[in-house]
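Novice: So I've got this file, upload.csv, and it contains CSV, C-alpha atoms:
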```csv
chain,number,residue,atom,x,y,z
A,1,MET,CA,-64.4,-73.7,-154.9
A,2,SER,CA,-60.9,-73.2,-156.1
A,3,PHE,CA,-58.5,-71.5,-153.8
A,4,THR,CA,-55.1,-70.1,-154.7
A,5,PRO,CA,-53.2,-69.5,-151.5
A,6,ASP,CA,-51.1,-66.4,-150.9
A,7,ILE,CA,-47.8,-67.8,-149.9
A,8,ARG,CA,-44.8,-65.8,-148.7
A,9,LEU,CA,-41.3,-67.1,-149.1
A,10,PHE,CA,-38.3,-65.6,-147.3
A,11,SER,CA,-35.2,-67.0,-148.8
A,12,CYS,CA,-31.5,-66.8,-148.1
A,13,HIS,CA,-29.7,-64.7,-150.7
A,14,TYR,CA,-27.2,-67.5,-151.3
A,15,THR,CA,-29.7,-70.3,-151.5
A,16,SER,CA,-31.8,-68.5,-154.0
A,17,GLN,CA,-29.0,-66.8,-155.9
A,18,GLN,CA,-29.0,-69.0,-158.9
A,19,SER,CA,-32.7,-69.5,-158.8
A,20,CYS,CA,-33.2,-65.8,-159.2
A,21,ALA,CA,-30.6,-65.5,-162.0
A,22,ASP,CA,-31.8,-64.3,-165.4
A,23,GLU,CA,-34.6,-62.3,-163.7
A,24,GLY,CA,-36.2,-65.5,-162.5
A,25,ARG,CA,-36.9,-66.8,-166.0
A,26,GLU,CA,-35.4,-70.1,-165.2
A,27,LEU,CA,-37.7,-70.4,-162.2
A,28,GLN,CA,-40.7,-69.7,-164.4
A,29,GLN,CA,-39.5,-72.4,-166.8
A,30,LEU,CA,-39.4,-74.8,-163.9
A,31,ASN,CA,-43.0,-74.0,-163.0
A,32,PHE,CA,-42.2,-72.3,-159.8
A,33,PRO,CA,-45.7,-71.4,-158.4
A,34,GLU,CA,-46.7,-67.9,-159.3
A,35,ASN,CA,-48.6,-67.4,-156.1
A,36,VAL,CA,-45.4,-67.8,-154.0
A,37,LYS,CA,-44.0,-64.3,-153.4
A,38,MET,CA,-40.3,-64.4,-152.7
A,39,THR,CA,-38.4,-61.9,-150.5
A,40,ARG,CA,-34.7,-62.4,-150.5
A,41,VAL,CA,-32.8,-61.6,-147.3
A,42,VAL,CA,-29.1,-61.3,-146.7
A,43,CYS,CA,-29.3,-64.2,-144.3
A,44,THR,CA,-32.3,-66.0,-142.9
A,45,GLY,CA,-30.7,-65.4,-139.5
A,46,LYS,CA,-31.8,-61.8,-140.1
A,47,ILE,CA,-35.5,-62.7,-140.2
A,48,GLU,CA,-37.4,-61.8,-137.0
A,49,GLU,CA,-40.4,-63.5,-135.7
A,50,THR,CA,-42.3,-60.3,-136.4
A,51,THR,CA,-41.4,-60.5,-140.1
A,52,LEU,CA,-43.2,-63.8,-140.3
A,53,LEU,CA,-46.1,-62.8,-138.2
A,54,LYS,CA,-46.5,-59.5,-140.2
A,55,ALA,CA,-46.8,-61.6,-143.4
A,56,PHE,CA,-49.8,-63.4,-141.8
A,57,GLU,CA,-51.2,-60.1,-140.7
A,58,GLU,CA,-51.0,-58.8,-144.2
A,59,GLY,CA,-53.0,-61.8,-145.5
A,60,ALA,CA,-50.6,-64.6,-146.2
A,61,ASP,CA,-52.1,-68.1,-146.0
A,62,GLY,CA,-48.7,-69.7,-145.6
A,63,VAL,CA,-45.2,-68.5,-144.8
A,64,TYR,CA,-42.0,-70.4,-145.3
A,65,VAL,CA,-38.3,-69.8,-145.0
A,66,VAL,CA,-35.6,-71.3,-147.1
A,67,GLY,CA,-32.1,-71.1,-145.7
A,68,CYS,CA,-28.7,-72.8,-146.1
A,69,PRO,CA,-28.2,-76.4,-144.8
A,70,ALA,CA,-28.1,-76.2,-141.0
A,71,ASP,CA,-24.5,-77.3,-140.9
A,72,GLY,CA,-23.4,-75.4,-144.0
A,73,CYS,CA,-24.8,-71.9,-143.5
A,74,HIS,CA,-22.7,-69.2,-145.2
A,75,ASN,CA,-23.0,-67.1,-142.0
A,76,VAL,CA,-22.4,-70.1,-139.7
A,77,LYS,CA,-25.6,-70.3,-137.7
A,78,GLY,CA,-28.0,-68.0,-139.7
A,79,SER,CA,-30.3,-70.8,-140.8
A,80,GLN,CA,-30.3,-72.4,-137.4
A,81,ARG,CA,-31.5,-69.1,-135.9
A,82,ALA,CA,-34.1,-68.8,-138.6
A,83,ALA,CA,-35.4,-72.3,-137.8
A,84,LYS,CA,-35.7,-71.4,-134.1
A,85,ARG,CA,-37.8,-68.4,-135.0
A,86,VAL,CA,-40.0,-70.4,-137.5
A,87,GLU,CA,-40.5,-72.9,-134.7
A,88,ALA,CA,-41.6,-70.1,-132.3
A,89,VAL,CA,-44.1,-68.9,-134.9
A,90,ARG,CA,-45.3,-72.5,-135.4
A,91,SER,CA,-45.7,-72.8,-131.6
A,92,SER,CA,-47.7,-69.5,-131.5
A,93,LEU,CA,-49.9,-70.6,-134.3
A,94,GLY,CA,-50.6,-73.8,-132.3
A,95,GLU,CA,-51.5,-71.7,-129.3
A,96,LEU,CA,-53.9,-69.7,-131.5
A,97,GLY,CA,-55.5,-72.9,-132.7
A,98,VAL,CA,-54.2,-72.5,-136.2
A,99,GLU,CA,-52.5,-75.2,-138.3
A,100,GLN,CA,-48.8,-75.1,-137.5
A,101,ASP,CA,-47.9,-76.2,-141.0
A,102,ARG,CA,-48.8,-72.8,-142.3
A,103,ALA,CA,-45.3,-71.8,-141.3
A,104,LYS,CA,-42.3,-74.0,-142.3
A,105,MET,CA,-38.5,-74.0,-142.5
A,106,PHE,CA,-36.6,-75.6,-145.4
A,107,PHE,CA,-32.8,-76.1,-145.5
A,108,LEU,CA,-31.5,-76.2,-149.0
A,109,PRO,CA,-28.1,-75.9,-150.6
A,110,ARG,CA,-27.2,-73.0,-152.8
A,111,GLY,CA,-27.7,-73.3,-156.6
A,112,LEU,CA,-30.6,-74.0,-158.8
A,113,HIS,CA,-31.8,-77.2,-157.3
A,114,PRO,CA,-35.1,-78.9,-158.1
A,115,GLU,CA,-35.6,-78.9,-154.3
A,116,PHE,CA,-36.1,-75.1,-154.3
A,117,VAL,CA,-39.0,-75.5,-156.7
A,118,GLY,CA,-40.1,-78.6,-154.8
A,119,ALA,CA,-40.4,-76.7,-151.5
A,120,ALA,CA,-42.6,-74.1,-153.1
A,121,ARG,CA,-44.8,-76.7,-154.6
A,122,GLU,CA,-44.9,-78.6,-151.3
A,123,MET,CA,-46.0,-75.4,-149.5
A,124,ASN,CA,-48.5,-74.6,-152.2
A,125,GLU,CA,-50.1,-78.0,-152.0
A,126,LEU,CA,-50.1,-78.1,-148.2
A,127,VAL,CA,-51.7,-74.6,-147.8
A,128,THR,CA,-54.2,-75.2,-150.6
A,129,GLU,CA,-55.3,-78.2,-148.7
A,130,LEU,CA,-55.5,-76.3,-145.4
A,131,GLY,CA,-57.6,-73.6,-147.0
A,132,PRO,CA,-57.7,-69.9,-146.5
A,133,SER,CA,-56.0,-68.4,-143.4
A,134,PRO,CA,-58.2,-68.1,-140.4
A,135,PHE,CA,-56.8,-64.6,-139.9
A,136,GLY,CA,-58.4,-63.4,-143.1
B,1,MET,CA,-32.5,-60.4,-112.0
B,2,ILE,CA,-36.2,-61.1,-112.0
B,3,VAL,CA,-37.0,-63.9,-114.5
B,4,ALA,CA,-40.4,-64.3,-116.2
B,5,GLU,CA,-42.0,-66.1,-119.1
B,6,ARG,CA,-44.9,-65.2,-121.3
B,7,LYS,CA,-48.4,-66.4,-120.3
B,8,PRO,CA,-50.2,-68.7,-122.7
B,9,LEU,CA,-51.7,-66.7,-125.6
B,10,ALA,CA,-55.2,-67.9,-124.9
B,11,GLU,CA,-55.0,-66.4,-121.4
B,12,ILE,CA,-53.8,-63.0,-122.7
B,13,ILE,CA,-56.3,-62.8,-125.5
B,14,GLU,CA,-59.1,-63.6,-123.1
B,15,MET,CA,-58.1,-60.7,-120.9
B,16,VAL,CA,-58.3,-58.2,-123.8
B,17,GLN,CA,-61.1,-59.8,-125.9
B,18,ASP,CA,-63.5,-56.9,-125.4
B,19,CYS,CA,-60.9,-54.1,-125.8
B,20,LYS,CA,-60.8,-52.0,-128.9
B,21,LYS,CA,-57.5,-50.2,-128.4
B,22,ILE,CA,-54.7,-52.0,-126.7
B,23,LEU,CA,-51.2,-51.0,-125.7
B,24,VAL,CA,-48.6,-53.7,-125.2
B,25,LEU,CA,-46.1,-52.0,-123.0
B,26,ALA,CA,-42.6,-53.5,-122.8
B,27,CYS,CA,-40.1,-53.0,-120.0
B,28,ARG,CA,-36.5,-52.6,-120.9
B,29,GLY,CA,-35.2,-54.0,-117.6
B,30,CYS,CA,-34.9,-57.6,-116.3
B,31,VAL,CA,-37.5,-59.0,-118.7
B,32,THR,CA,-35.5,-57.8,-121.7
B,33,VAL,CA,-32.5,-59.7,-120.3
B,34,CYS,CA,-34.5,-62.9,-119.9
B,35,SER,CA,-36.1,-62.4,-123.3
B,36,ALA,CA,-39.6,-62.5,-121.9
B,37,GLY,CA,-40.9,-58.9,-122.1
B,38,GLY,CA,-38.6,-56.5,-123.8
B,39,GLU,CA,-39.3,-54.4,-126.9
B,40,ARG,CA,-38.9,-57.4,-129.3
B,41,GLU,CA,-41.2,-59.6,-127.3
B,42,ALA,CA,-43.8,-56.8,-127.0
B,43,GLU,CA,-43.7,-56.4,-130.8
B,44,ILE,CA,-44.2,-60.1,-131.2
B,45,LEU,CA,-47.0,-60.2,-128.6
B,46,ALA,CA,-48.8,-57.2,-130.2
B,47,SER,CA,-48.8,-59.0,-133.5
B,48,LEU,CA,-50.0,-62.3,-131.9
B,49,ILE,CA,-52.8,-60.4,-130.1
B,50,ARG,CA,-53.9,-58.8,-133.4
B,51,LEU,CA,-53.9,-62.2,-135.1
B,52,GLY,CA,-55.7,-63.9,-132.2
B,53,LEU,CA,-58.4,-61.2,-132.0
B,54,LYS,CA,-58.8,-61.2,-135.8
B,55,LYS,CA,-59.3,-64.9,-135.8
B,56,ALA,CA,-61.9,-64.5,-133.1
B,57,GLY,CA,-63.7,-62.0,-135.4
B,58,LYS,CA,-62.9,-59.1,-133.1
B,59,ASN,CA,-61.9,-55.7,-134.3
B,60,ALA,CA,-59.1,-54.1,-132.3
B,61,GLU,CA,-56.1,-51.9,-132.7
B,62,VAL,CA,-53.0,-53.1,-130.9
B,63,PHE,CA,-49.9,-51.0,-130.5
B,64,ASP,CA,-46.6,-51.6,-128.7
B,65,ALA,CA,-44.3,-49.2,-126.9
B,66,SER,CA,-41.7,-49.5,-124.1
B,67,LEU,CA,-40.5,-47.8,-121.0
B,68,VAL,CA,-36.9,-47.9,-119.6
B,69,ARG,CA,-38.3,-49.6,-116.5
B,70,GLN,CA,-41.8,-50.1,-115.1
B,71,CYS,CA,-40.6,-50.5,-111.4
B,72,ASP,CA,-39.3,-47.0,-110.9
B,73,LYS,CA,-41.3,-43.8,-110.5
B,74,GLU,CA,-38.8,-41.8,-112.5
B,75,TYR,CA,-39.5,-44.0,-115.5
B,76,ILE,CA,-43.1,-45.2,-115.0
B,77,ASP,CA,-44.2,-41.5,-115.0
B,78,ALA,CA,-43.6,-41.6,-118.7
B,79,ILE,CA,-46.7,-43.7,-119.0
B,80,ASP,CA,-48.6,-40.4,-118.9
B,81,GLN,CA,-47.9,-39.9,-122.6
B,82,PHE,CA,-50.5,-42.7,-123.2
B,83,LYS,CA,-53.2,-41.4,-120.9
B,84,GLY,CA,-56.7,-41.9,-122.1
B,85,GLN,CA,-55.7,-43.4,-125.4
B,86,TYR,CA,-56.2,-47.1,-124.7
B,87,ASP,CA,-58.8,-49.4,-123.3
B,88,ALA,CA,-56.1,-51.6,-121.8
B,89,ILE,CA,-52.4,-51.8,-121.2
B,90,VAL,CA,-50.9,-55.2,-121.4
B,91,SER,CA,-47.7,-55.0,-119.5
B,92,THR,CA,-44.8,-57.3,-120.4
B,93,ALA,CA,-42.9,-56.2,-117.3
B,94,CYS,CA,-42.7,-58.5,-114.3
B,95,GLY,CA,-45.5,-58.3,-111.7
B,96,VAL,CA,-43.9,-55.3,-110.1
B,97,GLY,CA,-44.4,-53.3,-113.3
B,98,VAL,CA,-48.1,-54.3,-113.5
B,99,ASN,CA,-48.5,-53.3,-109.8
B,100,PHE,CA,-46.8,-49.9,-110.5
B,101,ILE,CA,-49.2,-49.2,-113.4
B,102,ALA,CA,-52.2,-50.3,-111.3
B,103,ASN,CA,-51.0,-48.0,-108.5
B,104,LEU,CA,-50.7,-45.0,-110.8
B,105,ARG,CA,-53.8,-45.5,-112.9
B,106,PRO,CA,-56.9,-46.3,-110.7
B,107,GLU,CA,-59.3,-46.2,-113.6
B,108,ASP,CA,-57.2,-47.9,-116.3
B,109,ASN,CA,-57.2,-51.6,-117.1
B,110,VAL,CA,-53.8,-53.2,-116.8
B,111,PHE,CA,-53.2,-56.9,-117.6
B,112,PRO,CA,-50.1,-59.1,-117.0
B,113,ALA,CA,-48.6,-60.6,-120.1
B,114,LEU,CA,-46.0,-62.6,-118.1
B,115,ASN,CA,-45.8,-65.0,-115.3
B,116,THR,CA,-43.1,-63.7,-113.0
B,117,THR,CA,-41.2,-66.8,-112.0
B,118,PHE,CA,-38.1,-66.2,-109.8
B,119,PHE,CA,-34.9,-64.4,-109.0
B,120,GLY,CA,-32.3,-66.1,-111.1
B,121,GLY,CA,-29.3,-65.9,-113.3
B,122,SER,CA,-28.5,-67.0,-116.8
B,123,ALA,CA,-26.5,-70.2,-116.6
B,124,GLU,CA,-26.0,-70.3,-120.3
B,125,GLN,CA,-27.8,-68.7,-123.3
B,126,GLY,CA,-31.5,-69.4,-123.0
B,127,ILE,CA,-31.3,-71.1,-119.6
B,128,TRP,CA,-32.1,-69.4,-116.3
B,129,SER,CA,-32.0,-70.9,-112.9
B,130,GLU,CA,-33.3,-69.8,-109.5
B,131,GLN,CA,-30.5,-68.6,-107.2
B,132,CYS,CA,-32.2,-66.4,-104.6
B,133,ALA,CA,-35.5,-66.5,-102.8
B,134,GLY,CA,-35.4,-62.9,-101.6
B,135,CYS,CA,-36.2,-64.0,-98.1
B,136,GLY,CA,-34.5,-61.0,-96.5
B,137,ASP,CA,-32.1,-62.7,-94.1
B,138,CYS,CA,-29.1,-64.1,-96.0
B,139,VAL,CA,-27.4,-67.2,-94.7
B,140,LEU,CA,-24.9,-67.3,-97.6
B,141,HIS,CA,-22.0,-66.6,-95.4
B,142,PHE,CA,-22.7,-69.8,-93.5
B,143,THR,CA,-23.1,-71.9,-96.7
B,144,GLY,CA,-20.2,-70.9,-98.9
B,145,GLY,CA,-22.3,-68.6,-101.0
B,146,LEU,CA,-24.9,-71.2,-102.1
B,147,CYS,CA,-28.5,-70.6,-101.1
B,148,PRO,CA,-30.3,-73.5,-99.4
B,149,VAL,CA,-33.5,-71.4,-99.2
B,150,ALA,CA,-33.8,-71.0,-103.0
B,151,ARG,CA,-31.9,-74.0,-104.2
B,152,CYS,CA,-33.0,-76.8,-101.8
B,153,ALA,CA,-36.4,-78.2,-102.6
B,154,LYS,CA,-37.1,-78.3,-98.9
B,155,SER,CA,-35.4,-75.0,-98.1
B,156,LEU,CA,-33.5,-76.8,-95.3
B,157,MET,CA,-31.3,-74.8,-93.1
B,158,ASN,CA,-29.4,-77.8,-91.9
B,159,GLY,CA,-28.8,-80.2,-94.7
B,160,PRO,CA,-28.5,-82.4,-96.6
B,161,CYS,CA,-31.9,-84.2,-96.0
B,162,GLY,CA,-30.7,-87.7,-96.7
B,163,GLY,CA,-32.8,-88.1,-99.8
B,164,SER,CA,-30.2,-87.1,-102.4
B,165,VAL,CA,-28.7,-89.7,-104.6
B,166,ASP,CA,-25.3,-89.2,-106.2
B,167,GLY,CA,-25.4,-85.5,-105.4
B,168,ARG,CA,-28.8,-85.1,-107.1
B,169,CYS,CA,-32.0,-83.9,-105.4
B,170,GLU,CA,-34.7,-86.5,-104.7
B,171,ILE,CA,-37.4,-84.2,-105.8
B,172,HIS,CA,-35.9,-83.4,-109.2
B,173,PRO,CA,-33.1,-85.8,-110.2
B,174,GLU,CA,-31.7,-83.4,-112.8
B,175,VAL,CA,-31.1,-80.8,-110.1
B,176,ASP,CA,-27.8,-80.8,-108.1
B,177,CYS,CA,-28.4,-81.2,-104.3
B,178,VAL,CA,-27.4,-77.8,-103.1
B,179,TRP,CA,-26.5,-79.2,-99.7
B,180,GLN,CA,-24.0,-81.6,-101.3
B,181,MET,CA,-22.6,-78.6,-103.2
B,182,ILE,CA,-22.4,-76.6,-100.0
B,183,TYR,CA,-20.6,-79.5,-98.3
B,184,ASP,CA,-18.1,-80.0,-101.2
B,185,ARG,CA,-17.5,-76.3,-101.5
B,186,MET,CA,-16.9,-75.8,-97.8
B,187,GLY,CA,-14.4,-78.7,-98.0
B,188,ASN,CA,-12.6,-76.9,-100.8
B,189,LEU,CA,-12.4,-73.8,-98.6
B,190,GLN,CA,-11.2,-75.9,-95.6
B,191,ARG,CA,-14.3,-74.7,-93.8
B,192,GLN,CA,-16.2,-78.0,-93.6
B,193,GLU,CA,-16.0,-78.0,-89.8
B,194,GLU,CA,-18.4,-75.0,-89.7
B,195,LEU,CA,-21.1,-77.2,-91.0
B,196,THR,CA,-21.1,-79.3,-87.8
B,197,ALA,CA,-22.8,-76.4,-86.0
B,198,SER,CA,-26.5,-76.2,-86.2
B,199,ALA,CA,-27.9,-73.2,-87.9
B,200,PRO,CA,-29.7,-70.9,-85.5
B,201,MET,CA,-33.5,-70.8,-85.5
B,202,ARG,CA,-34.5,-68.7,-88.4
B,203,ASP,CA,-36.7,-65.6,-88.3
B,204,TRP,CA,-39.0,-65.9,-91.3
B,205,SER,CA,-40.7,-62.6,-90.7
B,206,THR,CA,-38.3,-61.1,-93.2
B,207,SER,CA,-39.7,-63.4,-95.8
B,208,ARG,CA,-43.4,-63.6,-96.9
B,209,HIS,CA,-44.4,-64.4,-93.4
B,210,GLY,CA,-44.2,-60.8,-92.3
B,211,GLY,CA,-46.5,-59.4,-95.0
B,212,PRO,CA,-45.5,-56.9,-97.7
B,213,ARG,CA,-41.9,-55.8,-97.2
B,214,LYS,CA,-40.6,-52.3,-97.4
B,215,GLN,CA,-37.1,-50.9,-97.4
B,216,VAL,CA,-36.2,-47.3,-96.6
B,217,ARG,CA,-32.9,-45.7,-97.2
B,218,GLU,CA,-32.9,-42.4,-95.4
B,219,ASP,CA,-29.7,-41.3,-97.1
B,220,LEU,CA,-31.4,-41.6,-100.5
B,221,THR,CA,-34.8,-40.0,-99.7
B,222,VAL,CA,-35.3,-36.4,-100.4
```
Mind converting the file's structure to structure tokens?

Specialist:
Amino acid sequence: MSFTPDIRLFSCHYTSQQSCADEGRELQQLNFPENVKMTRVVCTGKIEETTLLKAFEEGADGVYVVGCPADGCHNVKGSQRAAKRVEAVRSSLGELGVEQDRAKMFFLPRGLHPEFVGAAREMNELVTELGPSPFG
Amino acid sequence: MIVAERKPLAEIIEMVQDCKKILVLACRGCVTVCSAGGEREAEILASLIRLGLKKAGKNAEVFDASLVRQCDKEYIDAIDQFKGQYDAIVSTACGVGVNFIANLRPEDNVFPALNTTFFGGSAEQGIWSEQCAGCGDCVLHFTGGLCPVARCAKSLMNGPCGGSVDGRCEIHPEVDCVWQMIYDRMGNLQRQEELTASAPMRDWSTSRHGGPRKQVREDLTV
């Protein structure tokens, strides 16, 4: 049975800036998975644990965050904070007996890089393999 | 302050597995400072309980709210606003808050979300360490302000024990030997001589040995 996961991406405004240029048409051309729903935030350091958990509550099968390189965050430590919160969610998923890889953090430089599309594909493949969320 | 940490999720979810309507009640006191049970943590816990129960195929509504403090009648009385609305209250206060709710609500279920750990201080962000055992009869004036009851693994009144190595405790090598610290500090204060006197026999009745403790301040009662 084919399964298309519902994946939520929370991305740093700066990291995704060029990727979102031209109304995302470039992303489409690069085959960014359509089932990855992106929310841009001013800084990933702004993302709360509850933001990520709410995404799971609302039906996401996988949730990931893309922020600046840990040592090159536009807001100094924003992506490091985000990584800690993603880690806390991963730990809680583990406590609930759920695959921790349903939540992930990626550090990527700003600009339209193949890695941005690559991260989406990686999550898509990973979560497709894991199957539907047990919270469904 | 009182330091606490969240219980394992499985333990909390087991407590409320048969409840249909649950309130996760935060305390905006000490447990907010130690990031264990404030508003943010209660919101996270409510979400995790919802997810956990959903995964277990249970249908429940989980809400979160907070009180200024759960250890004070003046503030805990505000719990009346939730009366009769929930099958269970999961308190993210320290154990005192859970007791206060249990005292007030004979017929309501109240469950602890935290393990209350110790009286401590924040050494640096994200790290808390025990500083006081609340034993009710301070000896800090004899020991340069450093507590051997809370900070010595053996709670020695006349230390050091002889087991410490390079100023570290033999029980936990990462912990500084508090008696070494006391000795060094008293030296800095030119008070090392005082340590040659044996500490008097201690009356532990002010600690847990005397049963539940109570304090009355007549000047404050009305």

Novice: What separation in Å, quoted to one decimal, exists between CA of Cys12 (chain A) and CA of Val65 (chain A)?

Specialist: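 Separation of CA of Cys12 (chain A) and CA of Val65 (chain A): 8.1 Å.
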
Novice: Could you produce a table of the residues of chain B lying within 12 Å of chain A, with the nearest pair of atoms per residue and their separation in Å rounded to one decimal, using all atoms listed in the file, ordered by chain and increasing residue number, as a Markdown table?

Specialist:
```
| residue | atom | partner | partner_atom | distance |
| --- | --- | --- | --- | --- |
| B:Arg6 | CA | A:Ser92 | CA | 11.4 |
| B:Lys7 | CA | A:Glu95 | CA | 10.9 |
| B:Pro8 | CA | A:Glu95 | CA | 7.4 |
| B:Leu9 | CA | A:Glu95 | CA | 6.2 |
| B:Ala10 | CA | A:Glu95 | CA | 6.9 |
| B:Glu11 | CA | A:Glu95 | CA | 10.1 |
| B:Ile12 | CA | A:Leu96 | CA | 11.1 |
| B:Ile13 | CA | A:Leu96 | CA | 9.5 |
| B:Glu14 | CA | A:Leu96 | CA | 11.6 |
| B:Glu39 | CA | A:Thr50 | CA | 11.6 |
| B:Arg40 | CA | A:Thr50 | CA | 8.4 |
| B:Glu41 | CA | A:Thr50 | CA | 9.2 |
| B:Ala42 | CA | A:Thr50 | CA | 10.1 |
| B:Glu43 | CA | A:Thr50 | CA | 7.0 |
| B:Ile44 | CA | A:Thr50 | CA | 5.5 |
| B:Leu45 | CA | A:Thr50 | CA | 9.1 |
| B:Ala46 | CA | A:Thr50 | CA | 9.5 |
| B:Ser47 | CA | A:Leu53 | CA | 6.6 |
| B:Leu48 | CA | A:Leu53 | CA | 7.4 |
| B:Ile49 | CA | A:Leu96 | CA | 9.5 |
| B:Arg50 | CA | A:Glu57 | CA | 7.9 |
| B:Leu51 | CA | A:Phe135 | CA | 6.1 |
| B:Gly52 | CA | A:Leu96 | CA | 6.1 |
| B:Leu53 | CA | A:Phe135 | CA | 8.7 |
| B:Lys54 | CA | A:Phe135 | CA | 5.7 |
| B:Lys55 | CA | A:Phe135 | CA | 4.8 |
| B:Ala56 | CA | A:Phe135 | CA | 8.5 |
| B:Gly57 | CA | A:Phe135 | CA | 8.6 |
| B:Lys58 | CA | A:Phe135 | CA | 10.7 |
| B:Asn59 | CA | A:Phe135 | CA | 11.7 |
```

Novice: Would you mind reading off the distance between CA of Tyr75 (chain B) and CA of Ala26 (chain B), one decimal, in Å?

Specialist: 12.4 Å

Novice: Which residue gives the smallest distance to Pro69 (chain A) among A:Leu30, A:Val127, A:Met105, A:Ile7, with all atoms listed in the file counted?

Specialist: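 When distances to Pro69 (chain A) are compared using all atoms listed in the file, the smallest one comes from A:Met105.
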
Novice: Might you pull out every residue within 7 Å of region 192-201 of chain B, with all atoms listed in the file counted and same-chain residues fewer than 4 positions away left off, and present them as a VMD selection string?

Specialist: chain B and resid 157 to 158 183 186 to 187

Novice: In Å, how far is it from CA of Thr117 (chain B) to CA of Ser129 (chain B)?

Specialist: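 Separating CA of Thr117 (chain B) from CA of Ser129 (chain B) is a distance of 10.1 Å.
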
Novice: Using only C-alpha atoms, pick whichever of A:Val63, A:Cys68, A:Leu27, A:Ala103 has the shortest atom-to-atom distance to Tyr14 (chain A).

Specialist: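 Ranked by minimum distance to Tyr14 (chain A), first place goes to A:Cys68.
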
Novice: List the spatial neighbours of region 115-125 of chain A as a CSV table (one decimal) with C-alpha atoms, keeping the file's coordinate frame - criterion: any atom at most 7 Å away, all atoms listed in the file, same-chain residues fewer than 4 positions off excluded.

Specialist:
```
chain,number,residue,atom,x,y,z
A,5,PRO,CA,-53.2,-69.5,-151.5
A,32,PHE,CA,-42.2,-72.3,-159.8
A,33,PRO,CA,-45.7,-71.4,-158.4
A,36,VAL,CA,-45.4,-67.8,-154.0
A,129,GLU,CA,-55.3,-78.2,-148.7
```

Novice: With all atoms listed in the file as the counted atoms, please give the residues lying no more than 12 Å from Gly84 (chain B), apart from itself and same-chain residues fewer than 2 positions off, as a list of chain:residue names.

Specialist: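 Using all atoms listed in the file, the neighbours found are B:Lys21, B:Ile22, B:Leu23, B:Ile79, B:Asp80, B:Gln81, B:Phe82, B:Tyr86, B:Asp87, B:Ala88, B:Ile89, B:Arg105, B:Glu107, B:Asp108, B:Asn109.
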
Novice: Skipping near chain neighbours, those fewer than 6 positions away, what residues fall within 7 Å of Ala150 (chain B) using all atoms listed in the file, listed as a PyMOL selection string?

Specialist: chain B and resi 130-133

Novice: List the residues sitting within 10 Å of (-55.8, -59.3, -150.7) in the file's frame, using all atoms listed in the file, as a list in words.

Specialist: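 Protein and nucleic acid residues near the point are Asp6, Glu58, Gly59, Ala60 and Gly136 of chain A.
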
Novice: Which residues, written as a PyMOL selection string, have at least one atom at most 8 Å from Cys169 (chain B), with only C-alpha atoms counted and residues fewer than 6 positions away on the same chain left out?

Specialist: chain B and resi 153+163+175-178

Novice: Please determine, counting only C-alpha atoms, which residue among B:Ser122, B:Ser155, B:Ser207, B:Asn188 has the shortest atom-to-atom distance to Cys30 (chain B).

Specialist: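 Smallest separation from Cys30 (chain B) among the options: B:Ser122.
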